[in-house]
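Remarks on the structure that follows.
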Amino acid sequence: MKVAVMYSGGKDSNQAVKWCLDNGHEIVTLISVKPKSTESFLYQYATVEWAKLSSEALDIPLIHIKSEKIGPKEEADELEEVFKNLDVDAILVGGVGLQKTQIREWKRVAGKFGIKVIVPYQNLTSEELLREEIKAGFDIRITSVASDGLGPEWLGEKLNQDNIEKWLKLSKKFGFDPIGEGGYIDSLVVDSPIFSKRIEIINSKKVWDSKTSSGYLEIEEAKLVPK
């Protein structure tokens, strides 16, 4: 099957890439979208522009566009020009399928061109998928948080086997989804077994809004380095 993967550079989209590779599907391209603000309904804001390094590390082409609109329908419609020029059977989406609005809108646009939308891990719980991602050897960094219980100390933090139980306890206590569906968190994978090189973050800063108790990591400089 020839596919494209909706790709932010985060843990869930990298797990979708891994699923395609493990199952012998041809990934024609990755598709990343940088929204105009953190208020986006469909797209990750933090660090998505660095998907260009992930693309190089994966040796898979990347289509990167900027979204200038706000609203589920309006944001999805901006993908029409991309989808109509794709020669693929399906669009792959990360996560477990909790992001109903996002999937509905992508299906609406992709369906115009006879392209299916597939969520390969929709039969897993969020906790199960997170454990799979850590087990897969992903070096996951938290790049945005928007939930009670998650302060600025988590920005840039590595989520791994050492702190997953703490993370899951916070999730249950404060009611956020463990993998962040619903906009609670975003992430960036800086290394994984499917990368030929790793991403080294050289300069970054934390952007924090005390009024909303939310924030994100802004990476100012990063590069690929040998493993």
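Following the order of the structure tokens, first chain is A, next is B, and so on, with residues numbered from 1 inside each chain and ligands from 1 in the order they appear.
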Excluding region 95-103 of chain A and any residue of its chain fewer than 3 positions from it, enumerate the residues within 12 Å of it, using only C-alpha atoms, and give them as a PyMOL selection string. chain A and resi 6-8+10-17+19+40-44+71-77+91-92+106-111+116-130+132-133+177-184+186
Using only C-alpha atoms, which protein or nucleic acid residues come within 7 Å of Ile63 (chain A)? Drop anything in the same chain fewer than 5 positions from it, and give the result as a list in words. Thr29, Leu30, Ile31 and Ser32 of chain A
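One finds CA of Ser187 (chain A) at 13.4 Å from CA of Ile201 (chain A).
Among the candidates A:Asp22, A:Glu49, A:Asp59, A:Asp162, the residue lying nearest to Ala222 (chain A) is A:Glu49 (atoms considered: only C-alpha atoms).
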Report as a count of residues only all protein, DNA and RNA residues lying within 7 Å of Glu26 (chain A), evaluated on only C-alpha atoms, omitting residues in the same chain fewer than 2 positions from it. 5
Based on DSSP run over this structure's backbone, return all residues of region 1-225 of chain A in alpha helix (DSSP H), as an NGL selection string. :A and (11-22 or 51-58 or 72-77 or 80-83 or 100-111 or 126-135 or 164-174)
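Across the structure, CA of Lys18 (chain A) and CA of Tyr216 (chain A) are spaced 25.9 Å apart.
Between Gly151 (chain A) and the residues A:Glu39, A:Glu220, A:Asp209, A:Glu80, the shortest atom-to-atom distance, using only C-alpha atoms, involves A:Asp209.
Distances from A:Leu155, A:Val189, A:Leu170, A:Leu79 to Phe138 (chain A) were compared using only C-alpha atoms, and the smallest one belongs to A:Val189.
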